[in-house]
$ cat run_15.txt   # compact mmCIF, C-alpha atoms
# COMPACT_ATOMS: atom_id res chain seq x y z
CA MET A 110 11.08 -43.15 48.07
CA GLY A 111 10.39 -39.41 48.27
CA SER A 112 10.49 -39.07 44.51
CA LEU A 113 8.01 -41.91 44.10
CA ILE A 114 5.55 -40.29 46.50
CA SER A 115 5.78 -36.92 44.79
CA ARG A 116 5.33 -38.59 41.43
CA PHE A 117 2.12 -40.30 42.45
CA GLU A 118 0.81 -37.16 44.12
CA LYS A 119 0.97 -35.46 40.73
CA MET A 120 -1.07 -38.14 38.99
CA PRO A 121 -4.47 -36.94 37.70
CA ALA A 122 -7.73 -38.27 39.06
CA PHE A 123 -8.44 -39.81 35.66
CA ALA A 124 -7.37 -43.36 34.88
CA GLN A 125 -6.74 -43.69 31.16
CA GLU A 126 -6.55 -46.51 28.66
CA PRO A 127 -3.07 -48.01 28.12
CA HIS A 128 -0.92 -46.05 25.69
CA GLY A 129 -2.18 -46.52 22.16
CA ALA A 130 -5.41 -48.27 23.13
CA ASN A 131 -8.50 -46.23 22.20
CA SER A 132 -6.78 -43.04 23.27
CA LEU A 133 -9.11 -40.68 21.39
CA MET A 134 -9.26 -38.26 24.29
CA GLN A 135 -6.93 -35.31 24.57
CA PHE A 136 -7.14 -32.35 26.84
CA ALA A 137 -6.34 -28.76 25.94
CA ARG A 138 -4.18 -26.79 28.35
CA ASP A 139 -7.19 -24.74 29.39
CA GLY A 140 -8.85 -27.97 30.57
CA GLU A 141 -11.47 -28.19 27.82
CA MET A 142 -11.93 -31.40 25.86
CA GLN A 143 -10.77 -31.66 22.26
CA GLN A 144 -12.90 -33.19 19.53
CA VAL A 145 -11.30 -36.14 17.72
CA GLU A 146 -12.71 -37.01 14.33
CA GLY A 147 -15.89 -35.18 15.32
CA VAL A 148 -16.71 -37.56 18.15
CA GLU A 149 -17.08 -36.29 21.72
CA LYS A 150 -15.49 -38.74 24.14
CA ARG A 151 -17.20 -39.07 27.51
CA CYS A 152 -15.94 -40.57 30.76
CA LEU A 153 -17.21 -42.70 33.62
CA LEU A 154 -17.48 -40.83 36.91
CA LEU A 155 -16.53 -43.24 39.72
CA LEU A 156 -17.52 -42.12 43.22
CA ASP A 157 -16.04 -43.97 46.19
CA SER A 158 -14.89 -42.48 49.49
CA ARG A 159 -12.18 -45.17 49.83
CA ALA A 160 -9.10 -43.98 47.93
CA LEU A 161 -7.43 -47.34 47.38
CA ASP A 162 -10.64 -49.04 46.28
CA ARG A 163 -11.57 -46.38 43.75
CA GLU A 164 -8.05 -46.14 42.28
CA CYS A 165 -7.80 -49.91 41.86
CA LEU A 166 -11.27 -50.15 40.35
CA ALA A 167 -10.61 -47.25 37.98
CA ARG A 168 -7.47 -48.86 36.60
CA THR A 169 -9.08 -52.29 36.41
CA LEU A 170 -12.01 -50.97 34.38
CA THR A 171 -9.82 -49.12 31.91
CA THR A 172 -7.35 -51.95 31.41
CA HIS A 173 -10.15 -54.48 30.89
CA GLY A 174 -11.75 -52.69 27.97
CA LEU A 175 -14.24 -50.19 29.38
CA GLY A 176 -13.53 -48.05 26.33
CA MET A 177 -13.68 -44.75 28.17
CA GLU A 178 -11.67 -42.87 30.76
CA VAL A 179 -12.59 -43.11 34.43
CA GLY A 180 -12.69 -40.07 36.67
CA ALA A 181 -12.26 -41.35 40.23
CA PHE A 182 -13.35 -39.06 43.06
CA GLY A 183 -14.12 -39.46 46.75
CA SER A 184 -17.45 -37.70 46.45
CA ALA A 185 -19.68 -35.74 44.11
CA ASP A 186 -18.62 -32.54 45.88
CA GLU A 187 -14.98 -33.30 45.10
CA TRP A 188 -15.89 -33.80 41.44
CA ARG A 189 -17.86 -30.54 41.34
CA GLU A 190 -14.77 -28.62 42.49
CA LYS A 191 -12.83 -29.93 39.47
CA LYS A 192 -15.77 -30.16 37.08
CA SER A 193 -14.47 -27.49 34.70
CA ALA A 194 -11.29 -29.48 34.00
CA CYS A 195 -13.10 -32.80 33.50
CA PRO A 196 -14.56 -34.28 30.31
CA PRO A 197 -18.33 -34.72 29.94
CA ILE A 198 -19.85 -37.55 31.99
CA GLY A 199 -21.22 -40.59 30.17
CA ALA A 200 -22.25 -42.56 33.27
CA VAL A 201 -21.89 -42.42 37.06
CA LEU A 202 -20.79 -45.46 39.09
CA LEU A 203 -21.44 -45.05 42.81
CA ASN A 204 -19.71 -47.63 45.02
CA ILE A 205 -21.63 -47.86 48.30
CA GLY A 206 -19.69 -50.87 49.59
CA ALA A 207 -21.45 -52.60 52.48
CA ARG A 208 -23.70 -49.65 53.34
CA LYS A 209 -27.45 -50.20 53.46
CA VAL A 210 -29.53 -48.38 50.89
CA ALA A 211 -31.40 -46.59 53.70
CA ASP A 212 -28.16 -44.77 54.50
CA VAL A 213 -27.47 -43.67 50.91
CA ALA A 214 -30.96 -43.36 49.37
CA ALA A 215 -30.89 -39.57 49.49
CA GLU A 216 -27.45 -39.48 47.85
CA ILE A 217 -28.54 -41.83 45.05
CA ALA A 218 -31.70 -39.84 44.38
CA LYS A 219 -29.74 -36.58 44.31
CA LEU A 220 -27.20 -37.95 41.84
CA ALA A 221 -29.92 -39.43 39.62
CA THR A 222 -31.66 -36.04 39.48
CA GLU A 223 -28.49 -34.01 38.99
CA PHE A 224 -27.04 -36.12 36.18
CA ARG A 225 -30.25 -37.09 34.35
CA PRO A 226 -30.33 -38.28 31.55
CA VAL A 227 -26.83 -39.64 32.30
CA PRO A 228 -27.37 -43.00 34.07
CA VAL A 229 -26.33 -43.63 37.67
CA VAL A 230 -25.32 -47.21 38.46
CA VAL A 231 -24.77 -48.52 42.00
CA LEU A 232 -22.02 -50.97 42.97
CA SER A 233 -22.63 -52.78 46.27
CA ASP A 234 -21.34 -55.62 48.45
CA ILE A 235 -24.94 -56.58 49.27
CA ASP A 236 -26.94 -58.81 46.93
CA GLU A 237 -30.46 -58.62 48.34
CA LEU A 238 -33.58 -58.06 46.28
CA GLY A 239 -35.10 -55.57 48.72
CA GLN A 240 -32.00 -53.39 48.58
CA ILE A 241 -31.84 -53.62 44.78
CA LEU A 242 -35.46 -52.55 44.34
CA ARG A 243 -34.98 -49.61 46.70
CA VAL A 244 -31.94 -48.44 44.74
CA LEU A 245 -33.93 -48.54 41.50
CA GLU A 246 -36.75 -46.61 43.17
CA CYS A 247 -34.19 -43.89 43.96
CA GLY A 248 -33.56 -43.44 40.24
CA ALA A 249 -30.50 -45.65 39.64
CA ARG A 250 -30.27 -47.38 36.24
CA GLY A 251 -28.52 -50.50 37.45
CA TYR A 252 -27.29 -52.45 40.48
CA ILE A 253 -24.00 -54.34 40.32
CA PRO A 254 -23.06 -56.67 43.21
CA THR A 255 -19.32 -56.92 43.86
CA SER A 256 -19.62 -60.70 43.57
CA VAL A 257 -19.62 -60.40 39.76
CA GLY A 258 -16.50 -60.17 37.59
CA VAL A 259 -15.10 -57.03 35.99
CA GLY A 260 -16.40 -58.12 32.58
CA ILE A 261 -20.00 -58.17 33.79
CA CYS A 262 -19.45 -54.85 35.55
CA ILE A 263 -18.33 -53.27 32.27
CA GLU A 264 -21.28 -54.78 30.40
CA ALA A 265 -23.67 -53.44 33.05
CA ILE A 266 -22.28 -49.94 32.65
CA GLY A 267 -22.57 -50.22 28.88
CA LEU A 268 -26.17 -51.40 29.19
CA ALA A 269 -27.05 -48.39 31.35
CA ILE A 270 -25.44 -46.01 28.85
CA ALA A 271 -27.46 -47.67 26.07
CA GLY A 272 -30.67 -47.01 27.99
CA GLY A 273 -31.15 -50.36 29.73
CA ILE A 274 -31.23 -51.36 33.39
CA PHE A 275 -28.90 -54.02 34.79
CA LEU A 276 -30.05 -56.40 37.51
CA PRO A 277 -28.06 -59.37 38.90
CA ALA A 278 -29.36 -62.75 37.77
CA SER A 279 -29.69 -63.95 41.37
CA SER A 280 -32.35 -61.32 42.04
CA VAL A 281 -34.35 -62.21 38.97
CA LEU A 282 -34.22 -65.87 39.98
CA ALA A 283 -35.31 -64.96 43.49
CA VAL A 284 -38.48 -63.37 42.17
CA ARG A 285 -39.16 -66.34 39.91
CA HIS A 286 -38.62 -68.76 42.78
CA LEU A 287 -41.13 -66.94 44.94
CA ILE A 288 -43.71 -66.87 42.15
CA GLU A 289 -43.39 -70.63 41.73
CA THR A 290 -43.83 -71.48 45.42
CA GLY A 291 -47.62 -71.66 45.22
CA LYS A 292 -50.57 -69.50 46.19
CA GLN A 293 -50.97 -70.95 49.67
CA GLU A 294 -47.51 -70.01 50.91
CA ALA A 295 -47.28 -66.56 49.36
CA PRO A 296 -49.50 -64.61 51.82
CA ALA A 297 -47.68 -65.82 54.92
CA LEU A 298 -44.24 -65.32 53.39
CA ALA A 299 -44.99 -61.87 52.02
CA GLY A 300 -46.52 -60.65 55.26
CA MET A 301 -43.83 -61.90 57.61
CA PHE A 302 -40.49 -62.13 55.80
CA THR A 303 -38.39 -60.27 53.26
CA LEU A 304 -38.05 -61.89 49.83
CA ARG A 305 -34.62 -63.29 50.63
CA GLN A 306 -35.76 -64.57 54.04
CA ALA A 307 -38.73 -66.22 52.30
CA GLU A 308 -36.33 -68.19 50.11
CA VAL A 309 -34.41 -69.35 53.17
CA VAL A 310 -37.68 -70.25 54.89
CA GLN A 311 -38.66 -72.51 51.99
CA ALA A 312 -35.28 -74.21 52.12
CA LEU A 313 -35.53 -74.73 55.88
CA ARG A 314 -38.93 -76.35 55.49
CA LYS A 315 -37.30 -78.84 53.15
CA GLY A 316 -34.59 -79.60 55.73
CA LYS A 317 -31.72 -78.27 53.64
CA ALA A 318 -28.34 -77.56 55.27
CA ASN A 319 -26.83 -74.09 55.34
CA LYS A 320 -24.20 -74.99 52.73
CA ILE A 321 -26.87 -76.20 50.31
CA ILE A 322 -29.00 -73.12 50.91
CA ALA A 323 -26.00 -70.88 50.29
CA TYR A 324 -25.16 -72.70 47.05
CA GLU A 325 -28.71 -72.67 45.69
CA LEU A 326 -29.36 -69.02 46.55
CA ASN A 327 -25.87 -67.81 45.54
CA LEU A 328 -25.16 -66.52 49.04
CA ARG A 329 -22.31 -66.81 51.51
CA GLU A 330 -22.93 -69.36 54.25
CA SER A 331 -22.41 -66.62 56.83
CA THR A 332 -25.19 -64.61 55.16
CA VAL A 333 -27.52 -67.62 55.33
CA LYS A 334 -26.83 -67.89 59.07
CA VAL A 335 -27.75 -64.21 59.51
CA HIS A 336 -31.04 -64.76 57.67
CA ILE A 337 -31.80 -67.80 59.83
CA ARG A 338 -31.15 -65.83 63.03
CA ASN A 339 -33.54 -63.11 61.83
CA ILE A 340 -36.16 -65.72 60.92
CA MET A 341 -35.82 -67.27 64.39
CA LYS A 342 -36.36 -63.86 66.00
CA LYS A 343 -39.52 -63.26 63.98
CA LEU A 344 -40.88 -66.70 64.88
CA LYS A 345 -39.63 -66.47 68.50
CA ALA A 346 -37.89 -69.81 67.98
CA THR A 347 -34.73 -70.97 69.76
CA ASN A 348 -33.44 -73.54 67.26
CA ARG A 349 -33.89 -74.86 63.71
CA THR A 350 -36.22 -77.66 64.82
CA GLU A 351 -38.57 -75.19 66.44
CA VAL A 352 -38.35 -73.01 63.32
CA ALA A 353 -39.42 -75.91 61.11
CA TYR A 354 -42.28 -76.81 63.48
CA LYS A 355 -43.62 -73.25 63.61
CA LEU A 356 -43.32 -72.81 59.86
CA ASN A 357 -45.24 -75.99 59.17
CA ASP A 358 -47.89 -74.90 61.65
CA LEU A 359 -48.04 -71.47 60.05
CA PHE A 360 -48.57 -72.75 56.52
CA THR A 361 -51.01 -75.43 57.65
CA GLY A 362 -53.11 -72.70 59.18
CA ASP A 363 -53.12 -70.83 55.86
CA ALA A 364 -54.07 -73.87 53.81
CA GLY A 365 -57.52 -72.54 53.11
CA TYR A 366 -56.35 -69.12 51.90
CA HIS A 367 -56.95 -68.34 48.20
$ encode --input "run_15.txt" --output "structure tokens"
Amino acid sequence: MGSLISRFEKMPAFAQEPHGANSLMQFARDGEMQQVEGVEKRCLLLLDSRALDRECLARTLTTHGLGMEVGAFGSADEWREKKSACPPIGAVLLNIGARKVADVAAEIAKLATEFRPVPVVVLSDIDELGQILRVLECGARGYIPTSVGVGICIEAIGLAIAGGIFLPASSVLAVRHLIETGKQEAPALAGMFTLRQAEVVQALRKGKANKIIAYELNLRESTVKVHIRNIMKKLKATNRTEVAYKLNDLFTGDAGYH
């Protein structure tokens, strides 16, 4: 067992393609990158403070056809310490897990500024439109929810490298859904609820069950329950029936708004 531990301790921070698959990258002994057929190979910088998560993700990306090496580090500071021995960066993937954007906004903005024009893409467990928009405002060039598959994750990274911006389909649909709700409901929803809460509000007014709401909005049922609790707090309601009554009263009062 001791030999296995020492062996893994000597492994580099870079996860590489399987032997013989797109292995254009070689490193000189002085740590500088070699040129192969005149093409400079760049890598994906993966930042995640959780060692197991970042190592698993790095290997998954490379073995599923990312087409570039992955440098996995616990933080940007850790990468800076080893920067001279690393290949040039083609894109940065920051995994914020379940953290709220308010807690990492400064970090995202700093990375976007430091690496510009190299794109910074955020990977998150949270799929909420408000959070996504805030991340983009910080300078990120994409937002990947962990609910998507590895194939979509790779395509999102490729899109960012090509100059595009990746957004999850659920967020685009959320905006469209709100636009189509009608002029009378929009003022009350926009002034009182977040975009995601507004979607849940509309479903509650139609008497839909939590499971149906979760399915239609591509959410977990537990997440729907959290949104409903927050809606109840804002309306000072004690149950779903009272929520429905107050919502109907609210929108009836706004019927003349244009």
$ atom_distance --input "run_15.txt" --atom1 "atom CA of Ile263 of chain A" --atom2 "atom CA of Ala249 of chain A"
16.1 Å
$ atom_distance --input "run_15.txt" --atom1 "atom CA of Leu161 of chain A" --atom2 "atom CA of Pro197 of chain A"
24.1 Å
$ atom_distance --input "run_15.txt" --atom1 "atom CA of Leu326 of chain A" --atom2 "atom CA of Thr303 of chain A"
14.3 Å
$ closest_residue --input "run_15.txt" --among "A:Arg168, A:Arg329, A:Arg338, A:Lys320" --to "Asp234 of chain A" --atoms "all atoms listed in the file"
A:Arg329
$ residues_around --input "run_15.txt" --residues "segment 256-260 of chain A" --least-positions-apart "5" --cutoff "12 Å" --atoms "all atoms listed in the file" --output "ChimeraX atom specification"
/A:165-175,206,232-236,265-267,276-279,327-329
$ residues_near_point --input "run_15.txt" --point "(-21.1, -42.1, 33.2)" --cutoff "8 Å" --atoms "only C-alpha atoms" --output "list in words"
Arg151, Cys152, Leu153, Leu154, Ile198, Gly199, Ala200, Val201, Leu202, Val227, Pro228, Val229, Ile266 and Ile270 of chain A
